[in-house]
>>> print(open('query-v5.txt').read())   # compact mmCIF, C-alpha atoms
# COMPACT_ATOMS: atom_id res chain seq x y z
CA MET A 10 35.73 138.85 95.26
CA SER A 11 32.50 140.61 96.03
CA GLN A 12 31.41 141.24 99.62
CA ILE A 13 28.12 142.05 101.28
CA PRO A 14 28.15 145.72 102.29
CA ARG A 15 27.91 146.38 106.01
CA GLN A 16 25.32 148.67 107.60
CA ALA A 17 26.56 151.77 109.34
CA ALA A 18 26.90 151.14 113.07
CA LEU A 19 24.54 153.11 115.40
CA PRO A 20 26.15 155.42 117.97
CA THR A 21 26.39 154.03 121.49
CA CYS A 22 26.56 155.53 124.94
CA PRO A 23 30.15 156.00 126.05
CA SER A 24 29.13 155.01 129.59
CA CYS A 25 26.95 151.92 129.21
CA ALA A 26 27.31 151.19 125.44
CA GLU A 27 23.54 151.30 124.89
CA PRO A 28 22.44 152.28 121.34
CA LEU A 29 21.52 155.92 120.91
CA ASP A 30 19.16 157.64 118.54
CA ALA A 31 20.16 160.61 116.50
CA GLY A 32 19.61 163.82 118.43
CA ASP A 33 19.68 162.23 121.93
CA ARG A 34 21.25 164.52 124.53
CA PHE A 35 21.01 162.02 127.42
CA CYS A 36 21.32 158.21 127.50
CA GLY A 37 17.92 156.62 128.00
CA ALA A 38 19.46 153.74 129.98
CA CYS A 39 21.91 155.41 132.38
CA GLY A 40 21.17 159.13 131.95
CA TYR A 41 24.73 159.97 130.81
CA ASP A 42 25.06 163.59 129.60
CA LEU A 43 25.91 163.17 125.95
CA SER A 44 26.80 166.87 125.57
CA ALA A 45 30.08 166.17 127.40
CA VAL A 46 31.25 163.75 124.65
CA PRO A 47 33.62 165.59 122.29
CA PRO A 48 32.75 165.49 118.62
CA ARG A 49 34.77 163.17 116.36
CA PRO A 50 37.80 165.14 115.10
CA ASP A 51 38.47 165.55 111.42
CA ASP A 52 40.75 162.89 110.04
CA THR A 53 43.63 165.33 109.56
CA PRO A 54 47.03 164.03 110.71
CA THR A 55 48.97 166.51 112.74
CA LEU A 56 51.81 164.31 114.07
CA THR A 57 55.34 165.11 113.01
CA MET A 58 57.05 161.95 111.78
CA SER A 59 60.59 163.32 111.59
CA GLY A 60 61.63 161.07 114.47
CA ALA A 61 62.88 163.94 116.60
CA GLU A 62 59.85 165.35 118.40
CA MET A 63 56.01 165.28 118.24
CA SER A 64 53.54 167.86 119.46
CA ALA A 65 49.77 167.66 119.61
CA ALA A 66 49.30 171.44 119.76
CA PRO A 67 48.99 173.68 116.73
CA GLY A 68 52.20 175.39 117.80
CA ALA A 69 54.12 172.26 116.83
CA GLN A 70 53.27 172.88 113.19
CA ALA A 71 54.00 176.54 113.53
CA SER A 72 57.56 175.75 114.72
CA ALA A 73 58.27 174.19 111.36
CA THR A 74 57.20 177.34 109.51
CA HIS A 75 58.91 180.05 111.53
CA GLY A 76 62.47 178.91 110.76
CA ALA A 77 65.29 179.68 113.15
CA ASP A 78 63.37 182.43 114.93
CA GLY A 79 61.11 179.82 116.48
CA PRO A 80 57.34 180.04 117.09
CA PRO A 81 55.71 183.07 118.74
CA PRO A 82 55.24 182.82 122.49
CA PRO A 83 52.08 180.99 123.52
CA PRO A 84 49.13 183.14 124.68
CA PRO A 85 48.66 183.52 128.44
CA PRO A 86 46.22 181.11 130.04
CA PRO A 87 42.70 182.49 130.60
CA ALA A 88 41.77 183.78 134.02
CA GLY A 89 39.91 181.47 136.28
CA PRO A 90 39.74 177.70 136.40
CA PRO A 91 39.61 175.90 133.10
CA PRO A 92 36.31 174.48 132.00
CA ALA A 93 35.53 171.03 133.24
CA ALA A 94 35.39 169.44 129.85
CA ALA A 95 36.68 171.76 127.16
CA PRO A 96 36.14 170.23 123.74
CA PRO A 97 39.38 169.68 121.88
CA THR A 98 40.12 171.53 118.71
CA ALA A 99 40.36 169.97 115.33
CA ALA A 100 44.14 170.05 115.62
CA ALA A 101 44.15 167.75 118.65
CA ALA A 102 45.70 164.36 118.27
CA PRO A 103 43.30 161.47 117.78
CA SER A 104 42.36 159.80 121.01
CA ALA A 105 43.74 156.49 119.74
CA VAL A 106 47.30 157.94 119.68
CA PRO A 107 48.78 159.09 123.01
CA ALA A 108 50.23 162.57 123.11
CA ALA A 109 53.99 162.60 122.68
CA SER A 110 56.31 164.17 125.20
CA THR A 111 60.00 164.67 125.65
CA SER A 112 60.00 161.61 127.92
CA PRO A 113 57.94 159.03 126.05
CA ASP A 114 56.49 156.06 127.78
CA PRO A 115 58.93 153.16 127.13
CA ALA A 116 56.00 150.78 127.08
CA ALA A 117 54.42 152.54 124.10
CA GLY A 118 54.17 150.47 120.97
CA VAL A 119 55.62 153.16 118.66
CA ARG A 120 58.53 155.46 119.49
CA PHE A 121 58.78 158.78 117.67
CA ASP A 122 61.73 160.13 119.65
CA ARG A 123 64.37 157.70 118.33
CA PRO A 124 67.44 159.25 116.74
CA ALA A 125 67.72 159.17 112.99
CA GLU A 126 69.12 155.96 111.55
CA PRO A 127 72.62 156.29 110.06
CA GLU A 128 72.90 156.26 106.30
CA GLU A 129 75.79 153.76 106.46
CA TYR A 130 76.37 150.90 108.83
CA PRO A 131 79.88 149.80 109.88
CA LEU A 132 81.07 146.67 108.08
CA GLN A 133 82.01 143.55 109.97
CA ALA A 134 85.67 143.30 110.81
CA PRO A 135 87.57 141.18 108.26
CA ASP A 136 88.44 137.62 109.14
CA PRO A 137 92.02 137.72 110.46
CA ARG A 138 92.71 134.38 108.79
CA LEU A 139 92.37 136.01 105.38
CA ALA A 140 95.19 138.42 106.22
CA VAL A 141 97.68 135.55 106.06
CA ALA A 142 96.15 133.89 103.02
CA LYS A 143 98.59 133.02 100.26
CA VAL A 144 98.58 135.22 97.19
CA CYS A 145 98.95 133.73 93.71
CA VAL A 146 102.51 133.82 92.39
CA ALA A 147 101.19 134.24 88.83
CA CYS A 148 98.58 137.02 88.95
CA ARG A 149 99.62 138.47 92.33
CA ALA A 150 95.96 139.18 93.09
CA GLY A 151 94.01 135.98 93.66
CA ARG A 152 93.76 134.02 96.89
CA VAL A 153 95.12 130.47 96.88
CA ASP A 154 92.55 127.87 97.91
CA ASP A 155 93.16 124.78 100.03
CA ASP A 156 93.86 122.69 96.92
CA GLY A 157 96.79 124.90 95.91
CA TYR A 158 95.13 126.73 93.00
CA CYS A 159 94.49 130.46 92.52
CA GLU A 160 90.81 131.41 92.88
CA ASN A 161 91.35 134.23 90.40
CA CYS A 162 93.37 132.78 87.51
CA GLY A 163 93.41 129.05 88.37
CA HIS A 164 97.22 128.84 88.35
CA ALA A 165 98.67 125.90 90.33
CA GLN A 166 100.84 127.20 93.13
CA PRO A 167 104.30 125.93 94.11
CA ARG A 168 104.30 123.18 96.69
CA GLU A 169 106.26 123.51 99.89
CA ARG A 170 109.03 121.28 98.54
CA ASP A 171 109.22 123.00 95.16
CA HIS A 172 111.83 125.36 96.56
CA MET A 173 113.57 124.83 99.90
CA GLU A 174 116.41 126.71 101.56
CA GLN A 175 118.17 126.17 104.87
CA GLU A 176 121.20 127.67 106.55
CA THR A 177 122.49 126.34 109.85
CA GLY A 178 125.71 127.84 111.11
CA PRO A 179 128.25 127.78 108.27
CA VAL A 180 126.36 125.11 106.27
CA ALA A 181 123.63 125.91 103.72
CA ALA A 182 121.53 124.06 101.15
CA VAL A 183 119.03 124.95 98.43
CA SER A 184 116.69 122.62 96.53
CA ASP A 185 114.46 123.55 93.58
CA ARG A 186 111.88 121.68 91.49
CA GLY A 187 113.46 122.87 88.24
CA LEU A 188 111.68 123.91 85.09
CA ARG A 189 110.46 120.59 83.68
CA HIS A 190 109.45 118.31 86.57
CA HIS A 191 106.00 118.56 88.14
CA ARG A 192 107.37 118.06 91.67
CA ASN A 193 110.63 118.12 93.60
CA GLU A 194 111.85 114.60 94.30
CA ASP A 195 115.11 115.74 95.96
CA SER A 196 115.67 116.25 99.65
CA PHE A 197 118.50 117.28 101.99
CA THR A 198 119.61 117.61 105.59
CA VAL A 199 122.27 119.99 106.93
CA GLY A 200 123.45 120.45 110.48
CA HIS A 201 126.36 120.90 112.84
CA THR A 202 127.39 119.40 116.14
CA ALA A 203 130.41 119.05 118.42
CA LEU A 204 132.85 116.17 118.73
CA PRO A 205 133.80 114.75 122.14
CA ASP A 206 136.90 117.00 122.25
CA GLY A 207 134.75 120.06 121.63
CA GLY A 208 135.77 120.45 118.00
CA PRO A 209 133.12 121.32 115.42
CA ALA A 210 131.61 118.87 112.94
CA LEU A 211 129.50 119.88 109.92
CA VAL A 212 127.10 117.50 108.15
CA ALA A 213 125.36 117.64 104.75
CA ILE A 214 123.21 114.91 103.17
CA VAL A 215 121.62 115.19 99.71
CA CYS A 216 119.24 112.60 98.21
CA ASP A 217 117.73 112.30 94.73
CA GLY A 218 114.53 110.27 94.29
CA VAL A 219 114.46 107.74 91.45
CA SER A 220 111.67 108.96 89.17
CA SER A 221 110.91 105.52 87.73
CA ALA A 222 110.13 104.19 91.22
CA THR A 223 107.09 104.60 93.40
CA ARG A 224 107.01 107.62 95.74
CA PRO A 225 110.51 108.90 94.95
CA ASP A 226 109.92 112.08 96.95
CA ASP A 227 109.08 110.07 100.07
CA ALA A 228 112.17 107.92 99.56
CA SER A 229 114.56 110.87 99.31
CA TYR A 230 113.01 112.56 102.33
CA ALA A 231 113.19 109.43 104.49
CA ALA A 232 116.80 108.77 103.50
CA ALA A 233 118.01 112.33 104.06
CA GLN A 234 116.31 112.72 107.41
CA THR A 235 117.43 109.31 108.69
CA ALA A 236 121.05 109.71 107.61
CA GLY A 237 121.27 113.23 109.01
CA ARG A 238 119.89 112.19 112.39
CA ALA A 239 122.24 109.21 112.53
CA LEU A 240 125.32 111.35 111.90
CA LEU A 241 124.37 114.10 114.35
CA ALA A 242 123.75 111.45 117.00
CA ALA A 243 126.90 109.36 116.37
CA LEU A 244 129.58 112.05 116.01
CA PRO A 245 129.23 113.52 119.54
CA THR A 246 129.72 110.02 121.00
CA GLY A 247 133.21 109.65 119.50
CA ALA A 248 132.37 107.50 116.46
CA HIS A 249 134.90 107.89 113.65
CA PRO A 250 133.38 110.10 110.92
CA GLN A 251 133.99 107.52 108.17
CA GLN A 252 132.39 104.71 110.17
CA ALA A 253 129.53 107.03 111.16
CA MET A 254 128.94 107.80 107.48
CA HIS A 255 128.80 104.11 106.57
CA GLU A 256 126.30 103.37 109.30
CA ALA A 257 124.21 106.39 108.40
CA ILE A 258 123.89 105.15 104.81
CA VAL A 259 122.83 101.72 106.05
CA ALA A 260 120.23 103.31 108.33
CA ALA A 261 118.93 105.40 105.43
CA SER A 262 118.65 102.25 103.32
CA HIS A 263 116.50 100.59 105.97
CA ALA A 264 114.25 103.65 106.11
CA VAL A 265 113.67 103.55 102.35
CA ASN A 266 113.11 99.79 102.39
CA ALA A 267 110.42 100.28 105.03
CA LEU A 268 108.41 102.37 102.57
CA ALA A 269 107.88 99.24 100.46
CA GLU A 270 106.40 97.37 103.42
CA GLU A 271 102.84 98.46 102.75
CA PRO A 272 99.54 96.63 102.25
CA ALA A 273 99.06 95.10 98.83
CA THR A 274 96.07 97.39 98.25
CA ALA A 275 98.33 100.44 98.45
CA ARG A 276 99.94 99.59 95.12
CA GLU A 277 96.86 98.51 93.20
CA HIS A 278 97.05 101.60 90.99
CA SER A 279 100.76 101.14 90.17
CA PRO A 280 101.45 97.40 90.23
CA HIS A 281 104.31 97.56 87.71
CA GLN A 282 106.37 100.26 89.44
CA ASN A 283 109.46 99.56 91.46
CA ALA A 284 109.66 100.03 95.22
CA PRO A 285 110.52 103.54 96.49
CA ALA A 286 114.18 104.34 95.76
CA CYS A 287 116.69 107.19 95.84
CA THR A 288 120.38 107.99 95.71
CA LEU A 289 122.39 109.46 98.59
CA VAL A 290 125.54 111.49 98.93
CA GLY A 291 126.91 113.13 102.05
CA ALA A 292 129.87 114.91 103.60
CA ILE A 293 131.27 115.35 107.10
CA VAL A 294 133.72 118.20 107.74
CA THR A 295 135.73 118.59 110.93
CA ALA A 296 138.70 120.78 111.80
CA GLY A 297 141.11 118.63 109.76
CA LEU A 298 139.16 115.83 108.06
CA LEU A 299 136.75 115.57 105.15
CA VAL A 300 134.69 112.37 104.81
CA VAL A 301 132.32 111.64 101.95
CA GLY A 302 129.88 108.79 101.37
CA TRP A 303 127.50 107.92 98.56
CA VAL A 304 125.31 105.40 96.78
CA GLY A 305 124.17 106.36 93.28
CA ASP A 306 125.17 109.19 90.96
CA SER A 307 124.93 112.28 93.19
CA ARG A 308 128.36 113.87 93.69
CA VAL A 309 130.78 115.74 95.94
CA TYR A 310 133.22 118.35 94.59
CA TRP A 311 136.14 120.05 96.30
CA VAL A 312 136.99 123.66 95.39
CA PRO A 313 139.95 125.47 97.09
CA ALA A 314 138.99 128.83 98.54
CA ASP A 315 141.87 130.70 96.86
CA ARG A 316 141.58 128.74 93.57
CA SER A 317 145.38 128.35 93.68
CA SER A 318 145.13 124.59 93.11
CA PRO A 319 142.80 122.66 90.83
CA PRO A 320 139.36 121.57 92.10
CA ALA A 321 138.47 117.88 92.21
CA ARG A 322 135.54 115.51 92.11
CA LEU A 323 135.60 113.25 95.18
CA THR A 324 132.99 110.60 94.24
CA GLU A 325 132.52 108.03 91.46
CA ASP A 326 129.06 107.48 90.01
CA ASP A 327 127.16 104.24 90.38
CA SER A 328 126.00 104.49 86.77
CA TRP A 329 126.17 102.77 83.40
CA ALA A 330 128.51 105.43 82.02
CA ALA A 331 130.94 105.07 84.92
CA GLN A 332 131.03 101.31 84.47
CA MET A 333 131.81 101.68 80.77
CA VAL A 334 134.69 104.05 81.53
CA SER A 335 136.00 101.88 84.37
CA ALA A 336 135.97 98.80 82.14
CA GLY A 337 137.85 100.66 79.40
CA LEU A 338 135.04 100.14 76.91
CA MET A 339 134.43 103.86 76.33
CA ASN A 340 136.09 107.12 77.16
CA GLU A 341 134.24 109.51 79.43
CA ALA A 342 132.93 111.74 76.63
CA GLU A 343 131.51 108.78 74.71
CA ALA A 344 129.98 107.16 77.77
CA TYR A 345 128.17 110.27 79.00
CA ALA A 346 126.92 111.07 75.51
CA ASP A 347 125.06 107.74 75.43
CA GLU A 348 121.37 107.75 76.31
CA ARG A 349 122.06 105.08 78.94
CA ALA A 350 124.64 107.22 80.72
CA HIS A 351 122.46 108.13 83.73
CA ALA A 352 121.07 104.65 84.30
CA ILE A 353 122.17 104.04 87.90
CA THR A 354 123.63 100.76 89.08
CA GLY A 355 123.41 101.48 92.80
CA TRP A 356 120.64 103.02 94.91
CA LEU A 357 118.77 102.78 98.19
CA GLY A 358 115.55 100.78 98.06
CA ALA A 359 114.02 97.37 98.43
CA ASP A 360 114.66 96.60 94.75
CA ALA A 361 118.41 97.33 94.93
CA TYR A 362 120.61 94.42 93.90
CA GLU A 363 123.02 94.86 96.78
CA LEU A 364 123.76 97.73 99.15
CA GLU A 365 127.35 98.90 98.70
CA PRO A 366 127.94 102.15 100.60
CA HIS A 367 131.02 104.01 99.37
CA THR A 368 133.04 106.12 101.78
CA ALA A 369 136.29 108.04 101.47
CA ALA A 370 138.33 110.32 103.74
CA PHE A 371 140.52 113.29 102.74
CA LYS A 372 142.77 115.77 104.53
CA PRO A 373 142.94 118.91 102.40
CA ASP A 374 145.99 121.10 103.01
CA ARG A 375 144.19 124.40 102.49
CA PRO A 376 140.76 125.98 103.08
CA GLY A 377 138.04 125.33 100.56
CA VAL A 378 134.41 124.58 99.93
CA VAL A 379 132.75 121.16 99.65
CA ILE A 380 129.89 120.99 97.12
CA VAL A 381 127.34 118.19 97.68
CA CYS A 382 124.84 118.00 94.84
CA THR A 383 122.47 115.96 92.66
CA ASP A 384 122.85 115.47 88.93
CA GLY A 385 120.34 118.28 88.44
CA LEU A 386 123.30 120.60 89.07
CA TRP A 387 126.31 118.72 87.76
CA ASN A 388 124.57 118.08 84.42
CA TYR A 389 125.30 121.78 83.77
CA ALA A 390 128.78 121.81 85.32
CA GLU A 391 130.04 118.26 84.99
CA GLY A 392 133.76 118.82 85.27
CA ALA A 393 135.37 120.03 88.47
CA ALA A 394 136.75 123.09 86.69
CA GLU A 395 133.28 124.00 85.41
CA MET A 396 131.81 123.61 88.89
CA ALA A 397 134.53 125.82 90.38
CA GLU A 398 133.89 128.46 87.75
CA ALA A 399 130.18 128.58 88.63
CA LEU A 400 130.90 128.81 92.39
CA PRO A 401 131.14 132.39 93.77
CA LEU A 402 134.51 133.34 95.24
CA ASP A 403 132.95 134.17 98.64
CA ALA A 404 131.16 130.83 98.95
CA ALA A 405 132.87 129.94 102.25
CA ALA A 406 131.69 133.19 103.85
CA ARG A 407 128.24 133.26 102.19
CA PRO A 408 127.22 129.64 101.67
CA LEU A 409 123.48 130.26 101.24
CA HIS A 410 124.07 132.92 98.61
CA ALA A 411 126.51 130.66 96.78
CA ALA A 412 124.04 127.75 96.86
CA ARG A 413 121.39 129.98 95.32
CA VAL A 414 123.83 131.00 92.60
CA LEU A 415 124.57 127.37 91.72
CA VAL A 416 120.87 126.49 91.57
CA GLY A 417 120.35 129.51 89.35
CA HIS A 418 123.16 128.27 87.10
CA ALA A 419 121.28 125.00 86.58
CA LEU A 420 117.97 126.75 85.95
CA ASP A 421 119.59 129.11 83.45
CA GLY A 422 121.03 126.06 81.70
CA GLY A 423 117.57 124.55 81.21
CA GLY A 424 116.52 123.15 84.59
CA HIS A 425 115.58 119.77 83.13
CA ASP A 426 115.82 118.05 86.53
CA ASN A 427 115.35 118.80 90.20
CA VAL A 428 118.34 120.77 91.51
CA THR A 429 119.78 120.37 95.02
CA VAL A 430 123.11 121.59 96.37
CA ALA A 431 124.63 121.87 99.85
CA LEU A 432 127.80 123.85 100.60
CA VAL A 433 130.14 123.08 103.50
CA PRO A 434 133.26 125.16 104.23
CA PHE A 435 136.52 123.40 105.11
CA PRO A 436 137.89 123.36 107.74
CA ALA A 437 134.90 123.56 109.97
CA PRO A 438 134.96 126.91 111.80
CA ALA A 439 134.62 127.00 115.56
CA GLN A 440 131.08 126.93 116.92
CA GLY A 441 129.40 130.32 116.56
CA ALA A 442 131.76 131.45 113.82
CA GLY A 443 129.43 130.63 110.93
CA SER A 444 127.86 133.14 108.61
CA ALA A 445 124.89 135.09 109.81
>>> encode(input="query-v5.txt", output="structure tokens")
Amino acid sequence: MSQIPRQAALPTCPSCAEPLDAGDRFCGACGYDLSAVPPRPDDTPTLTMSGAEMSAAPGAQASATHGADGPPPPPPPPAGPPPAAAPPTAAAAPSAVPAASTSPDPAAGVRFDRPAEPEEYPLQAPDPRLAVAKVCVACRAGRVDDDGYCENCGHAQPRERDHMEQETGPVAAVSDRGLRHHRNEDSFTVGHTALPDGGPALVAIVCDGVSSATRPDDASYAAAQTAGRALLAALPTGAHPQQAMHEAIVAASHAVNALAEEPATAREHSPHQNAPACTLVGAIVTAGLLVVGWVGDSRVYWVPADRSSPPARLTEDDSWAAQMVSAGLMNEAEAYADERAHAITGWLGADAYELEPHTAAFKPDRPGVVIVCTDGLWNYAEGAAEMAEALPLDAAARPLHAARVLVGHALDGGGHDNVTVALVPFPAPAQGAGSA
């Protein structure tokens, strides 16, 4: 926008600020000697802005032109006292800017003696929480977010229960989701304790969630944990292993039944599903006794360590196929070839017809290995001879390795179901004598 031009301001007396006329040598108001006022310097900047040093003398510019040899020495001061008011040269700094020195006034508004700013600034230290962030199992590069998906490729990551391993003393177990299921509905508990006489006792519990029921993974976990705790608590008190197994199965049944005791609103989205349910199979090994217990179609196998005698299956399935064979209506091959073969007739859960825990006790006459497993394994090694063939020869000494091998056998066969197996050596070695 246009502006009204301003008139040039008249000069004023530097002492009393009275207006002056051109050519005045003295102020008409206060008599100030105007000849002592220095003329206005030319508007020629002479300050060095390098940030290192500033000089108001002409020699400061000369130092930049003489290179490493430096400026010539300054001329000697003139004899006699300096004039009272020597007019500054054109190279003098403007009066509005204070002369710089090697010790600038910290109160000055602008500092010209600051060191040069660095070209690069140090980065903030990385968040230590990112150092332990999970890396995607698919692309091996992306970070896994809180929802379990890779931020780089979007691949869903394995859940904690998708693959589980545990070794405690001479007992070991491995559980895997398999290749077809979207989650692992199996669970297990392994442990060891001491009997009242000081002898060792080994415990293994394996549970398989019923997929057609509600929350099968919760059911198998509750049953395995409850039964395992019950056995490890009862055996040191002198309870007979077979009776302890029976009571542990009953306790596990109550734990699974309790999962169905939920508000009606909790099942609004699945009103037609059964109550949580699972199968259970377990083994107790002492110095001279082997006790097994089960409800459902998970199994226990016995394999001699030296393979000098035939292996054996120690449990009978609670299933449609087993009932057909027991009733003489079909032979085993025909029954297990039927699509109804794996329909279970016994399980733990509020919808079970009747709880009938099965228990059995054995006294093997030689060392061996007890295999406790779900049908995710025995579907690929159904007969005892097939199971023994898949079991490594050093299973008693390396139970965790052998359990991994058996799970791998099921995955190589197709992995259509969750796979869980626990291995217990017989007889139970003395405390502290288990594998490392």
>>> axis_aligned_box(input="query-v5.txt", around="region 259-271 of chain A", padding_each_side="4 Å", output="JSON")
{"center_x": 112.8, "center_y": 101.4, "center_z": 104.4, "size_x": 28.0, "size_y": 16.0, "size_z": 15.9}
>>> atom_distance(input="query-v5.txt", atom1="CA of Leu244 (chain A)", atom2="CA of Phe435 (chain A)")
17.2 Å
>>> residues_around(input="query-v5.txt", residues="Val215 (chain A)", least_positions_apart="2", cutoff="12 Å", atoms="all atoms listed in the file", output="count of residues only")
53
>>> closest_residue(input="query-v5.txt", among="A:Thr21, A:Ser335, A:Gln175, A:Ser317", to="Arg413 (chain A)", atoms="all atoms listed in the file")
A:Gln175
>>> closest_residue(input="query-v5.txt", among="A:Leu402, A:Ala336, A:Ala359, A:Ala203", to="Arg316 (chain A)", atoms="all atoms listed in the file")
A:Leu402
>>> atom_distance(input="query-v5.txt", atom1="CA of Ala370 (chain A)", atom2="CA of Gln251 (chain A)")
6.8 Å
>>> atom_distance(input="query-v5.txt", atom1="CA of Tyr362 (chain A)", atom2="CA of Gly337 (chain A)")
23.4 Å
>>> residues_around(input="query-v5.txt", residues="Ala239 (chain A)", least_positions_apart="4", cutoff="8 Å", atoms="only C-alpha atoms", output="ChimeraX atom specification")
/A:235,243,253,256-257,260
>>> closest_residue(input="query-v5.txt", among="A:Asp315, A:Asp226, A:Glu398, A:Glu176", to="His201 (chain A)", atoms="all atoms listed in the file")
A:Glu176
>>> residues_around(input="query-v5.txt", residues="Leu415 (chain A)", least_positions_apart="3", cutoff="7 Å", atoms="all atoms listed in the file", output="ChimeraX atom specification")
/A:399-400,411-412,418-419
>>> closest_residue(input="query-v5.txt", among="A:Ile293, A:Leu299, A:Leu188, A:Ala222", to="Pro373 (chain A)", atoms="all atoms listed in the file")
A:Leu299
>>> closest_residue(input="query-v5.txt", among="A:Thr177, A:Thr368, A:Asn193, A:Ser24", to="Gly424 (chain A)", atoms="all atoms listed in the file")
A:Asn193
>>> residues_around(input="query-v5.txt", residues="Gly151 (chain A)", least_positions_apart="3", cutoff="6 Å", atoms="all atoms listed in the file", output="tab-separated table (two decimals) with C-alpha atoms, in the coordinates of the input")
chain	number	residue	atom	x	y	z
A	144	VAL	CA	98.58	135.22	97.19
A	145	CYS	CA	98.95	133.73	93.71
A	159	CYS	CA	94.49	130.46	92.52
A	160	GLU	CA	90.81	131.41	92.88
A	161	ASN	CA	91.35	134.23	90.40
